[in-house]
Amino acid sequence: MRNPESRLSAIQTISANFGIKALGGQLSACKSLLSENAAVNVAVLGKFKAGKSSFLNSLADREVLPTGAVPVTAVVTGLYWSPSESASVELLGGENSPISFGEIAGYVTEELNPKNLRGAALVEIGLPTLAAYKGARFIDTPGLDSALRHNTETSLDWLPNTGLALITVSADAPLSEQDLELIEKTRRHSPQIIVILTKADRLTPEELPQVLAFVRGKLKDRFGQEIPVYPFSIKEEFAALREEFRAKALSPFTADIGAERAKILEHKLGSLERQCKDYLLAAKAAAQKSAEERIVLEALALEQKARFETLCRDFKAISARNAEQYRLQIERLILAHRPVLVKELKAEIQEKLLGRAMNLLEMTRNYTAVMEEFFAGKTAVLFEAEKYRLEKLTHDSAGSFAAMVNDFISRLSQEAEKALGARLPQSRWEPGPEKLPAPNVRISQAFDSHIELLWFLIPARLLRNRLLKHFSGLVPFEVEKNLTRLAMGLAAGLNNKAENAMGSALEHAKNTLETVERLLCSTPDTMNKIESALAGFDTAFSSTRDRKSA
């Protein structure tokens with residue numbers, strides 16, 4: 001009987017020997033569960049504004065996680081039991097530093113840490129109030145389906161680390177197609193899924209059982225099995241719902257965390273072994289082919305290489321076409337705000353420059369300050385207002401890349417399976433473009449020549465009307481200049497994100513192609529190596545069946 005450590009080691013060795021790169025994330029997740037003291041991750045997943053952070057604050061009996069009306073959580077945050085309060089941040093470079101509770105928002109929120117510029121990989125918070133859940137680590141993930149696509153990517157990347165998955169579904173928009181797709185993805189990694197119907201207070205006593213029946217029925221129809229669904233609300237008068245959830249869902253899970261950890265590890269190892277075995281069986285099928293048949297397989301491999309090269313060319317053409325479309329669409333979108341901003345800025349100048357005794361130099365400096373303050377505020381507001389539509393352009397582009405890459409992989413797998421007579425694991429690419437950077441603001445000089453500033457000896461009140469007319473005359477140019485710069489910057493940012501998505505998609509397709517190519521080119525002299533690896537899996541599977549039957 002092999003223990004989990006030896007099983008994981010065997011999978012790692014086989015993956016290295018046979019060039020199976022697709023299992024890296026799952027291997028890392030299993031490795032982290034081998035320690036007896038390893039916390040079992042309870043990931044809270046769901047769409048933007050589904051109530052994830054509010055749910056965890058309620059569970060911890062403390063407002064420790066920021067909440068808000070806009071996408072808030074930008075960095076994965078873990079909450080766990082600790083005898084005393086503590087908080088720390090792990091940076092992308094591996095450095096771990098303690099932080100105060102007051103510093104948490106500076107790392108985990110989109111507002112204070114846009115695009116994760118501070119490089120936080122994980123923020124962890126220890127709380128004595130989580131004593132009932134020792135051994136579990138609750139993970140607050142960025143919301144899916146927000147305009148911040150890098151948030152979606154961060155949450156989906158966390159799935160291989162999930163033990164128990166809590167899927168939050170808002171009662172006022174129960175069970176969208178995206179919720180169902182998230183559950184489907186999560187089932188590949190987690191042996192246990194619970195759906196939390198948040199904001200249940202928004203339903204009447206008559207509506208709540210109807211919505212629960214609808215959600216449970218839809219889940220049963222989609223997945224062919226019962227998935228637990230619990231209503232939840234953070235409102236004080238709904239304490240009974242919270243207690244029911246804790247008693248029926250969380251307490252049984254944390255009562256014997258060691259057994260749950262072993263169950264999760266078994267689930268993940270079993271999935272890894274099945275995928276590894278499928279790859280090995282495909283290699284064996286190729287190695288058993290005759291010399292003539294292997295020539296056909298080699299020709300198929302060359303054909304797929306040619307298809308990949310065509311895919312690369314198609315991607316470059318799409319990228320070039322998208323770049324021009326981005327420029328035109330963004331300019332039209334952003335410059336449409338020009339008339340309103342011109343009117344508002346002229347009124348701002350009239351208000352701020354009238355009624356004060358100033359010389360020309362002072363008036364010019366005040367004018368520049370008014371302009372900078374205006375654009376810093378207005379363009380930021382404009383950027384936030386249009387951000388969803390702007391980033392949707394990139395997301396749609398990445399979606400087209402995903403469709404093409406996944407079609408390539410699907411056809412590749414189908415043709416390889418047909419030629420080999422053996423099933424291949426499916427590997428899909430999921431897009432995840434990042435959020436756009438905030439706009440830059442620059443203001444032109446109030447006058448064309450510095451010589452004009454020598455008029456500092458002349459009181460501005462003597463030429464007040466002419467000066468205000470001069471400043472007002474600069475407004476249309478300044479507005480158009482800054483909006484054009486904003487549009488150009490956004491177009492460049494979108495192009496960069498699209499290029500990154502294209503590169504990631506092609507890299508995934510290339511890795512899959514190289515894996516399949518290696519399988520197709522397996523020869524009889526590799527048969528002993530393949531058979532030895534398969535024998536190890538057969539032993540592991542039989543041992544697992546024996547343990548379960550016992």
# chains A, B, ... in the order shown; residues from 1 in each chain; ligands from 1
>>> residues_around(residues="region 267-278 of chain A", least_positions_apart="4", cutoff="8 Å", atoms="only C-alpha atoms", output="PDB file with N, CA and C atoms, in the first residue's frame")
ATOM      1  N   PRO A   4       0.376   8.689   0.526  1.00  0.00           N
ATOM      2  CA  PRO A   4       0.197   9.835  -0.374  1.00  0.00           C
ATOM      3  C   PRO A   4       1.514  10.434  -0.861  1.00  0.00           C
ATOM      4  N   ARG A   7       2.856   8.336  -3.704  1.00  0.00           N
ATOM      5  CA  ARG A   7       2.000   8.484  -4.884  1.00  0.00           C
ATOM      6  C   ARG A   7       2.266   9.813  -5.585  1.00  0.00           C
ATOM      7  N   LEU A   8       2.376  10.889  -4.791  1.00  0.00           N
ATOM      8  CA  LEU A   8       2.649  12.196  -5.372  1.00  0.00           C
ATOM      9  C   LEU A   8       4.031  12.218  -6.026  1.00  0.00           C
ATOM     10  N   ILE A  11       3.864  10.571  -9.395  1.00  0.00           N
ATOM     11  CA  ILE A  11       3.238  11.415 -10.419  1.00  0.00           C
ATOM     12  C   ILE A  11       4.215  12.497 -10.878  1.00  0.00           C
ATOM     13  N   ILE A  14       6.819  10.858 -13.175  1.00  0.00           N
ATOM     14  CA  ILE A  14       6.255  10.528 -14.487  1.00  0.00           C
ATOM     15  C   ILE A  14       6.039  11.802 -15.304  1.00  0.00           C
ATOM     16  N   SER A  15       5.523  12.842 -14.672  1.00  0.00           N
ATOM     17  CA  SER A  15       5.290  14.097 -15.381  1.00  0.00           C
ATOM     18  C   SER A  15       6.594  14.645 -15.949  1.00  0.00           C
ATOM     19  N   LEU A  23       0.033  19.376 -15.437  1.00  0.00           N
ATOM     20  CA  LEU A  23      -0.400  19.002 -14.089  1.00  0.00           C
ATOM     21  C   LEU A  23       0.337  19.776 -12.996  1.00  0.00           C
ATOM     22  N   GLN A  26      -1.858  21.374 -10.083  1.00  0.00           N
ATOM     23  CA  GLN A  26      -2.469  20.352  -9.230  1.00  0.00           C
ATOM     24  C   GLN A  26      -1.419  19.652  -8.364  1.00  0.00           C
ATOM     25  N   LEU A  27      -0.234  19.453  -8.904  1.00  0.00           N
ATOM     26  CA  LEU A  27       0.842  18.838  -8.125  1.00  0.00           C
ATOM     27  C   LEU A  27       1.219  19.713  -6.935  1.00  0.00           C
ATOM     28  N   CYS A  30      -1.448  19.496  -4.163  1.00  0.00           N
ATOM     29  CA  CYS A  30      -1.349  18.245  -3.400  1.00  0.00           C
ATOM     30  C   CYS A  30      -0.172  18.280  -2.432  1.00  0.00           C
ATOM     31  N   ARG A 188     -13.646  19.934 -10.369  1.00  0.00           N
ATOM     32  CA  ARG A 188     -12.439  19.227 -10.795  1.00  0.00           C
ATOM     33  C   ARG A 188     -11.394  19.197  -9.691  1.00  0.00           C
ATOM     34  N   HIS A 189     -11.483  20.128  -8.744  1.00  0.00           N
ATOM     35  CA  HIS A 189     -10.435  20.268  -7.747  1.00  0.00           C
ATOM     36  C   HIS A 189     -10.900  19.988  -6.325  1.00  0.00           C
ATOM     37  N   SER A 190     -12.158  20.203  -6.040  1.00  0.00           N
ATOM     38  CA  SER A 190     -12.644  20.081  -4.666  1.00  0.00           C
ATOM     39  C   SER A 190     -13.645  18.941  -4.549  1.00  0.00           C
ATOM     40  N   PRO A 191     -13.466  18.075  -3.540  1.00  0.00           N
ATOM     41  CA  PRO A 191     -14.415  16.969  -3.358  1.00  0.00           C
ATOM     42  C   PRO A 191     -15.732  17.402  -2.739  1.00  0.00           C
ATOM     43  N   LYS A 263      -9.236  13.259   2.899  1.00  0.00           N
ATOM     44  CA  LYS A 263     -10.245  13.058   1.856  1.00  0.00           C
ATOM     45  C   LYS A 263      -9.957  13.955   0.647  1.00  0.00           C
ATOM     46  N   ALA A 282      -1.951   6.579 -23.783  1.00  0.00           N
ATOM     47  CA  ALA A 282      -1.817   7.133 -25.133  1.00  0.00           C
ATOM     48  C   ALA A 282      -0.407   6.883 -25.662  1.00  0.00           C
ATOM     49  N   ALA A 422      -6.828   5.773 -28.081  1.00  0.00           N
ATOM     50  CA  ALA A 422      -6.715   5.960 -26.627  1.00  0.00           C
ATOM     51  C   ALA A 422      -7.180   7.369 -26.282  1.00  0.00           C
ATOM     52  N   ARG A 423      -7.808   7.495 -25.105  1.00  0.00           N
ATOM     53  CA  ARG A 423      -8.367   8.772 -24.674  1.00  0.00           C
ATOM     54  C   ARG A 423      -7.270   9.684 -24.130  1.00  0.00           C
ATOM     55  N   LEU A 424      -7.386  10.992 -24.410  1.00  0.00           N
ATOM     56  CA  LEU A 424      -6.445  11.983 -23.895  1.00  0.00           C
ATOM     57  C   LEU A 424      -7.171  12.936 -22.945  1.00  0.00           C
ATOM     58  N   PRO A 425      -6.513  13.344 -21.846  1.00  0.00           N
ATOM     59  CA  PRO A 425      -7.131  14.349 -20.960  1.00  0.00           C
ATOM     60  C   PRO A 425      -7.343  15.655 -21.709  1.00  0.00           C
ATOM     61  N   LEU A 534       2.937   2.469 -15.745  1.00  0.00           N
ATOM     62  CA  LEU A 534       1.545   2.021 -15.660  1.00  0.00           C
ATOM     63  C   LEU A 534       1.347   1.004 -14.548  1.00  0.00           C
ATOM     64  N   PHE A 537       0.807   2.712 -11.330  1.00  0.00           N
ATOM     65  CA  PHE A 537      -0.537   3.252 -11.189  1.00  0.00           C
ATOM     66  C   PHE A 537      -1.542   2.149 -10.888  1.00  0.00           C
TER      67      PHE A 537
END
>>> residues_around(residues="Leu412 (chain A)", least_positions_apart="3", cutoff="9 Å", atoms="only C-alpha atoms", output="MDAnalysis selection string")
chainID A and resid 304 407:409 415:417 512:513 516
>>> atom_distance(atom1="CA of Lys284 (chain A)", atom2="CA of Leu300 (chain A)")
16.9 Å
>>> residues_around(residues="Ile227 (chain A)", least_positions_apart="3", cutoff="12 Å", atoms="only C-alpha atoms", output="list in words")
Ala165, Leu166, Ile167, Leu180, Ile183, Glu184, Arg187, Pro191, Gln192, Ile193, Ile194, Val195, Ile196, Leu212, Ala213, Val215, Arg216, Gly217, Lys218, Leu219, Lys220, Asp221, Arg222, Phe223, Gly224, Tyr230 and Ala249 of chain A
>>> write_last_selection(atoms="N, CA and C atoms", output="PDB file, in the first residue's frame")
ATOM      1  N   ALA A 165     -15.225  24.130  -1.132  1.00  0.00           N
ATOM      2  CA  ALA A 165     -15.549  25.332  -1.904  1.00  0.00           C
ATOM      3  C   ALA A 165     -16.927  25.831  -1.509  1.00  0.00           C
ATOM      4  N   LEU A 166     -16.987  27.088  -1.097  1.00  0.00           N
ATOM      5  CA  LEU A 166     -18.249  27.744  -0.789  1.00  0.00           C
ATOM      6  C   LEU A 166     -18.548  28.712  -1.931  1.00  0.00           C
ATOM      7  N   ILE A 167     -19.567  28.422  -2.705  1.00  0.00           N
ATOM      8  CA  ILE A 167     -19.923  29.244  -3.855  1.00  0.00           C
ATOM      9  C   ILE A 167     -21.026  30.205  -3.436  1.00  0.00           C
ATOM     10  N   LEU A 180     -22.839  28.483 -12.660  1.00  0.00           N
ATOM     11  CA  LEU A 180     -22.810  27.060 -12.992  1.00  0.00           C
ATOM     12  C   LEU A 180     -21.454  26.656 -13.567  1.00  0.00           C
ATOM     13  N   ILE A 183     -18.983  26.375 -10.722  1.00  0.00           N
ATOM     14  CA  ILE A 183     -19.171  25.121  -9.992  1.00  0.00           C
ATOM     15  C   ILE A 183     -18.563  23.962 -10.773  1.00  0.00           C
ATOM     16  N   GLU A 184     -18.741  23.970 -12.091  1.00  0.00           N
ATOM     17  CA  GLU A 184     -18.167  22.917 -12.927  1.00  0.00           C
ATOM     18  C   GLU A 184     -16.642  22.903 -12.814  1.00  0.00           C
ATOM     19  N   ARG A 187     -15.512  21.631  -9.290  1.00  0.00           N
ATOM     20  CA  ARG A 187     -15.690  20.189  -9.055  1.00  0.00           C
ATOM     21  C   ARG A 187     -14.461  19.382  -9.474  1.00  0.00           C
ATOM     22  N   PRO A 191     -13.466  18.075  -3.540  1.00  0.00           N
ATOM     23  CA  PRO A 191     -14.415  16.969  -3.358  1.00  0.00           C
ATOM     24  C   PRO A 191     -15.732  17.402  -2.739  1.00  0.00           C
ATOM     25  N   GLN A 192     -15.802  18.615  -2.235  1.00  0.00           N
ATOM     26  CA  GLN A 192     -17.012  19.061  -1.550  1.00  0.00           C
ATOM     27  C   GLN A 192     -17.332  20.496  -1.923  1.00  0.00           C
ATOM     28  N   ILE A 193     -18.573  20.730  -2.353  1.00  0.00           N
ATOM     29  CA  ILE A 193     -19.028  22.062  -2.746  1.00  0.00           C
ATOM     30  C   ILE A 193     -20.324  22.380  -2.013  1.00  0.00           C
ATOM     31  N   ILE A 194     -20.414  23.584  -1.491  1.00  0.00           N
ATOM     32  CA  ILE A 194     -21.627  24.064  -0.844  1.00  0.00           C
ATOM     33  C   ILE A 194     -21.983  25.408  -1.471  1.00  0.00           C
ATOM     34  N   VAL A 195     -23.233  25.591  -1.811  1.00  0.00           N
ATOM     35  CA  VAL A 195     -23.710  26.860  -2.366  1.00  0.00           C
ATOM     36  C   VAL A 195     -24.363  27.668  -1.244  1.00  0.00           C
ATOM     37  N   ILE A 196     -23.947  28.931  -1.130  1.00  0.00           N
ATOM     38  CA  ILE A 196     -24.514  29.832  -0.129  1.00  0.00           C
ATOM     39  C   ILE A 196     -25.373  30.865  -0.847  1.00  0.00           C
ATOM     40  N   LEU A 212     -34.940  28.708  -3.178  1.00  0.00           N
ATOM     41  CA  LEU A 212     -34.117  27.567  -2.782  1.00  0.00           C
ATOM     42  C   LEU A 212     -34.444  26.334  -3.621  1.00  0.00           C
ATOM     43  N   ALA A 213     -35.735  26.083  -3.830  1.00  0.00           N
ATOM     44  CA  ALA A 213     -36.149  24.926  -4.645  1.00  0.00           C
ATOM     45  C   ALA A 213     -35.669  25.083  -6.081  1.00  0.00           C
ATOM     46  N   VAL A 215     -32.977  26.814  -7.137  1.00  0.00           N
ATOM     47  CA  VAL A 215     -31.517  26.645  -7.196  1.00  0.00           C
ATOM     48  C   VAL A 215     -31.144  25.177  -7.051  1.00  0.00           C
ATOM     49  N   ARG A 216     -31.741  24.504  -6.086  1.00  0.00           N
ATOM     50  CA  ARG A 216     -31.415  23.090  -5.877  1.00  0.00           C
ATOM     51  C   ARG A 216     -31.798  22.238  -7.084  1.00  0.00           C
ATOM     52  N   GLY A 217     -32.959  22.548  -7.677  1.00  0.00           N
ATOM     53  CA  GLY A 217     -33.396  21.796  -8.846  1.00  0.00           C
ATOM     54  C   GLY A 217     -32.490  22.021 -10.043  1.00  0.00           C
ATOM     55  N   LYS A 218     -32.070  23.264 -10.238  1.00  0.00           N
ATOM     56  CA  LYS A 218     -31.200  23.570 -11.377  1.00  0.00           C
ATOM     57  C   LYS A 218     -29.838  22.904 -11.207  1.00  0.00           C
ATOM     58  N   LEU A 219     -29.335  22.868  -9.982  1.00  0.00           N
ATOM     59  CA  LEU A 219     -28.061  22.201  -9.721  1.00  0.00           C
ATOM     60  C   LEU A 219     -28.170  20.697  -9.973  1.00  0.00           C
ATOM     61  N   LYS A 220     -29.280  20.110  -9.548  1.00  0.00           N
ATOM     62  CA  LYS A 220     -29.485  18.667  -9.750  1.00  0.00           C
ATOM     63  C   LYS A 220     -29.577  18.347 -11.246  1.00  0.00           C
ATOM     64  N   ASP A 221     -30.275  19.188 -11.985  1.00  0.00           N
ATOM     65  CA  ASP A 221     -30.408  18.964 -13.430  1.00  0.00           C
ATOM     66  C   ASP A 221     -29.064  19.091 -14.137  1.00  0.00           C
ATOM     67  N   ARG A 222     -28.247  20.051 -13.711  1.00  0.00           N
ATOM     68  CA  ARG A 222     -26.979  20.320 -14.393  1.00  0.00           C
ATOM     69  C   ARG A 222     -25.908  19.282 -14.052  1.00  0.00           C
ATOM     70  N   PHE A 223     -25.842  18.888 -12.777  1.00  0.00           N
ATOM     71  CA  PHE A 223     -24.727  18.048 -12.345  1.00  0.00           C
ATOM     72  C   PHE A 223     -25.128  16.625 -11.965  1.00  0.00           C
ATOM     73  N   GLY A 224     -26.421  16.344 -11.976  1.00  0.00           N
ATOM     74  CA  GLY A 224     -26.866  14.981 -11.718  1.00  0.00           C
ATOM     75  C   GLY A 224     -26.705  14.537 -10.274  1.00  0.00           C
ATOM     76  N   TYR A 230     -27.542  26.610   1.168  1.00  0.00           N
ATOM     77  CA  TYR A 230     -27.972  27.200   2.435  1.00  0.00           C
ATOM     78  C   TYR A 230     -28.236  28.701   2.248  1.00  0.00           C
ATOM     79  N   ALA A 249     -23.246  22.889   7.919  1.00  0.00           N
ATOM     80  CA  ALA A 249     -22.252  22.908   6.843  1.00  0.00           C
ATOM     81  C   ALA A 249     -20.822  22.959   7.353  1.00  0.00           C
TER      82      ALA A 249
END
>>> closest_residue(among="A:Ala509, A:Leu45, A:Glu351, A:Leu474", to="Gln178 (chain A)", atoms="only C-alpha atoms")
A:Leu45
>>> residues_around(residues="region 122-135 of chain A", least_positions_apart="5", cutoff="8 Å", atoms="only C-alpha atoms", output="VMD selection string")
chain A and resid 37 to 40 59 to 61 75 to 91 104 107 to 108 250 to 251 254 257
>>> atom_distance(atom1="CA of Pro524 (chain A)", atom2="CA of Gln288 (chain A)")
6.3 Å
>>> residues_around(residues="Val296 (chain A)", least_positions_apart="5", cutoff="12 Å", atoms="only C-alpha atoms", output="ChimeraX atom specification")
/A:286,289-291,301-303,415-416,418-420,520-521
>>> write_last_selection(atoms="N, CA and C atoms", output="PDB file, in the first residue's frame")
ATOM      1  N   ALA A 286       0.735   4.489 -28.913  1.00  0.00           N
ATOM      2  CA  ALA A 286       1.626   4.930 -29.986  1.00  0.00           C
ATOM      3  C   ALA A 286       2.817   3.993 -30.134  1.00  0.00           C
ATOM      4  N   LYS A 289       2.271   0.757 -32.178  1.00  0.00           N
ATOM      5  CA  LYS A 289       1.977   0.845 -33.601  1.00  0.00           C
ATOM      6  C   LYS A 289       3.126   0.253 -34.421  1.00  0.00           C
ATOM      7  N   SER A 290       2.779  -0.218 -35.585  1.00  0.00           N
ATOM      8  CA  SER A 290       3.787  -0.750 -36.498  1.00  0.00           C
ATOM      9  C   SER A 290       4.605   0.401 -37.084  1.00  0.00           C
ATOM     10  N   ALA A 291       5.675   0.063 -37.757  1.00  0.00           N
ATOM     11  CA  ALA A 291       6.529   1.091 -38.354  1.00  0.00           C
ATOM     12  C   ALA A 291       5.740   1.951 -39.333  1.00  0.00           C
ATOM     13  N   ALA A 301       1.687  14.459 -36.438  1.00  0.00           N
ATOM     14  CA  ALA A 301       2.379  15.429 -35.596  1.00  0.00           C
ATOM     15  C   ALA A 301       2.840  16.624 -36.420  1.00  0.00           C
ATOM     16  N   LEU A 302       3.390  16.375 -37.611  1.00  0.00           N
ATOM     17  CA  LEU A 302       3.830  17.463 -38.481  1.00  0.00           C
ATOM     18  C   LEU A 302       2.647  18.307 -38.946  1.00  0.00           C
ATOM     19  N   GLU A 303       1.539  17.624 -39.216  1.00  0.00           N
ATOM     20  CA  GLU A 303       0.330  18.345 -39.628  1.00  0.00           C
ATOM     21  C   GLU A 303      -0.152  19.278 -38.524  1.00  0.00           C
ATOM     22  N   GLU A 415      -8.110  14.117 -33.089  1.00  0.00           N
ATOM     23  CA  GLU A 415      -7.358  13.440 -34.145  1.00  0.00           C
ATOM     24  C   GLU A 415      -6.323  12.492 -33.558  1.00  0.00           C
ATOM     25  N   ALA A 416      -5.702  12.905 -32.435  1.00  0.00           N
ATOM     26  CA  ALA A 416      -4.732  12.024 -31.784  1.00  0.00           C
ATOM     27  C   ALA A 416      -5.428  10.794 -31.204  1.00  0.00           C
ATOM     28  N   LYS A 418      -8.198   9.460 -32.250  1.00  0.00           N
ATOM     29  CA  LYS A 418      -8.619   8.617 -33.373  1.00  0.00           C
ATOM     30  C   LYS A 418      -7.453   7.801 -33.906  1.00  0.00           C
ATOM     31  N   ALA A 419      -6.292   8.418 -34.006  1.00  0.00           N
ATOM     32  CA  ALA A 419      -5.122   7.711 -34.537  1.00  0.00           C
ATOM     33  C   ALA A 419      -4.582   6.691 -33.551  1.00  0.00           C
ATOM     34  N   LEU A 420      -4.661   7.012 -32.254  1.00  0.00           N
ATOM     35  CA  LEU A 420      -4.083   6.125 -31.243  1.00  0.00           C
ATOM     36  C   LEU A 420      -5.068   5.091 -30.719  1.00  0.00           C
ATOM     37  N   LEU A 520       2.675  10.905 -29.549  1.00  0.00           N
ATOM     38  CA  LEU A 520       2.548  10.323 -30.881  1.00  0.00           C
ATOM     39  C   LEU A 520       3.848   9.692 -31.358  1.00  0.00           C
ATOM     40  N   CYS A 521       4.961  10.230 -30.896  1.00  0.00           N
ATOM     41  CA  CYS A 521       6.256   9.744 -31.359  1.00  0.00           C
ATOM     42  C   CYS A 521       6.853   8.679 -30.443  1.00  0.00           C
TER      43      CYS A 521
END
>>> atom_distance(atom1="CA of Leu335 (chain A)", atom2="CA of Leu483 (chain A)")
6.2 Å
>>> select_by_dssp(residues="region 221-435 of chain A", states="strand (DSSP E or B)", output="PyMOL selection string")
chain A and resi 229-231+359
>>> closest_residue(among="A:Ala171, A:Val64, A:Ala200, A:Leu297", to="Leu519 (chain A)", atoms="only C-alpha atoms")
A:Leu297
>>> residues_around(residues="Glu507 (chain A)", least_positions_apart="4", cutoff="12 Å", atoms="only C-alpha atoms", output="number ranges by chain")
A: 21-22, 308, 311-312, 401-402, 405, 409, 429, 500-503, 511-514
>>> write_last_selection(atoms="N, CA and C atoms", output="CSV table (one decimal), in the first residue's frame")
chain,number,residue,atom,x,y,z
A,21,LYS,N,3.4,18.7,-18.7
A,21,LYS,CA,3.5,20.0,-18.0
A,21,LYS,C,2.1,20.5,-17.5
A,22,ALA,N,1.0,19.9,-17.9
A,22,ALA,CA,-0.3,20.5,-17.6
A,22,ALA,C,-0.7,20.2,-16.2
A,308,PHE,N,-0.6,24.7,-36.0
A,308,PHE,CA,-0.2,25.6,-34.9
A,308,PHE,C,0.4,26.9,-35.5
A,311,LEU,N,-2.3,29.0,-36.8
A,311,LEU,CA,-2.9,29.6,-35.6
A,311,LEU,C,-2.2,30.8,-35.2
A,312,CYS,N,-0.8,30.7,-35.2
A,312,CYS,CA,0.0,31.9,-34.8
A,312,CYS,C,-0.2,33.0,-35.8
A,401,PHE,N,-9.6,34.5,-28.6
A,401,PHE,CA,-8.3,33.7,-28.6
A,401,PHE,C,-8.6,32.4,-27.9
A,402,ALA,N,-9.4,32.4,-26.8
A,402,ALA,CA,-9.7,31.2,-26.1
A,402,ALA,C,-10.5,30.2,-27.0
A,405,VAL,N,-8.0,28.8,-29.6
A,405,VAL,CA,-7.1,27.8,-29.0
A,405,VAL,C,-7.7,26.6,-28.5
A,409,ILE,N,-7.0,22.8,-29.6
A,409,ILE,CA,-6.7,21.7,-28.7
A,409,ILE,C,-7.7,20.5,-28.8
A,429,TRP,N,-7.8,26.4,-22.2
A,429,TRP,CA,-7.2,27.7,-21.8
A,429,TRP,C,-8.3,28.7,-21.4
A,500,ASN,N,-0.8,40.1,-24.3
A,500,ASN,CA,-0.5,39.1,-23.2
A,500,ASN,C,-1.4,37.9,-23.3
A,501,ALA,N,-2.7,38.2,-23.5
A,501,ALA,CA,-3.6,37.1,-23.6
A,501,ALA,C,-3.3,36.2,-24.8
A,502,MET,N,-3.0,36.8,-25.9
A,502,MET,CA,-2.6,36.0,-27.1
A,502,MET,C,-1.4,35.2,-26.8
A,503,GLY,N,-0.4,35.7,-26.2
A,503,GLY,CA,0.8,35.0,-25.9
A,503,GLY,C,0.6,33.8,-24.9
A,511,ASN,N,2.3,24.1,-25.5
A,511,ASN,CA,2.6,23.0,-24.5
A,511,ASN,C,1.8,21.8,-24.7
A,512,THR,N,0.5,22.0,-25.1
A,512,THR,CA,-0.4,20.8,-25.3
A,512,THR,C,0.1,20.1,-26.6
A,513,LEU,N,0.5,20.9,-27.6
A,513,LEU,CA,1.0,20.3,-28.9
A,513,LEU,C,2.2,19.5,-28.6
A,514,GLU,N,3.2,20.0,-27.9
A,514,GLU,CA,4.4,19.3,-27.6
A,514,GLU,C,4.2,18.0,-26.8
>>> residues_around(residues="Glu344 (chain A)", least_positions_apart="6", cutoff="12 Å", atoms="only C-alpha atoms", output="PyMOL selection string")
chain A and resi 337-338+350-351+370-371+374-375+378+472+475-476+479
>>> write_last_selection(atoms="C-alpha atoms", output="short mmCIF file (atom, residue, chain, number, x, y, z; two decimals), in the first residue's frame")
data_model
loop_
_atom_site.label_atom_id
_atom_site.label_comp_id
_atom_site.auth_asym_id
_atom_site.auth_seq_id
_atom_site.Cartn_x
_atom_site.Cartn_y
_atom_site.Cartn_z
CA HIS A 337 -17.41 63.50 -23.25
CA ARG A 338 -15.64 66.56 -24.69
CA GLN A 350 -14.64 81.52 -13.95
CA GLU A 351 -15.40 80.51 -10.37
CA VAL A 370 -7.39 74.52 -11.46
CA MET A 371 -6.68 72.61 -14.68
CA PHE A 374 -10.04 69.34 -12.74
CA PHE A 375 -8.44 66.73 -15.00
CA LYS A 378 -12.75 64.35 -14.08
CA SER A 472 -11.30 80.08 -21.53
CA VAL A 475 -10.06 75.04 -22.46
CA PRO A 476 -11.22 73.22 -25.64
CA VAL A 479 -9.86 69.03 -22.88
#
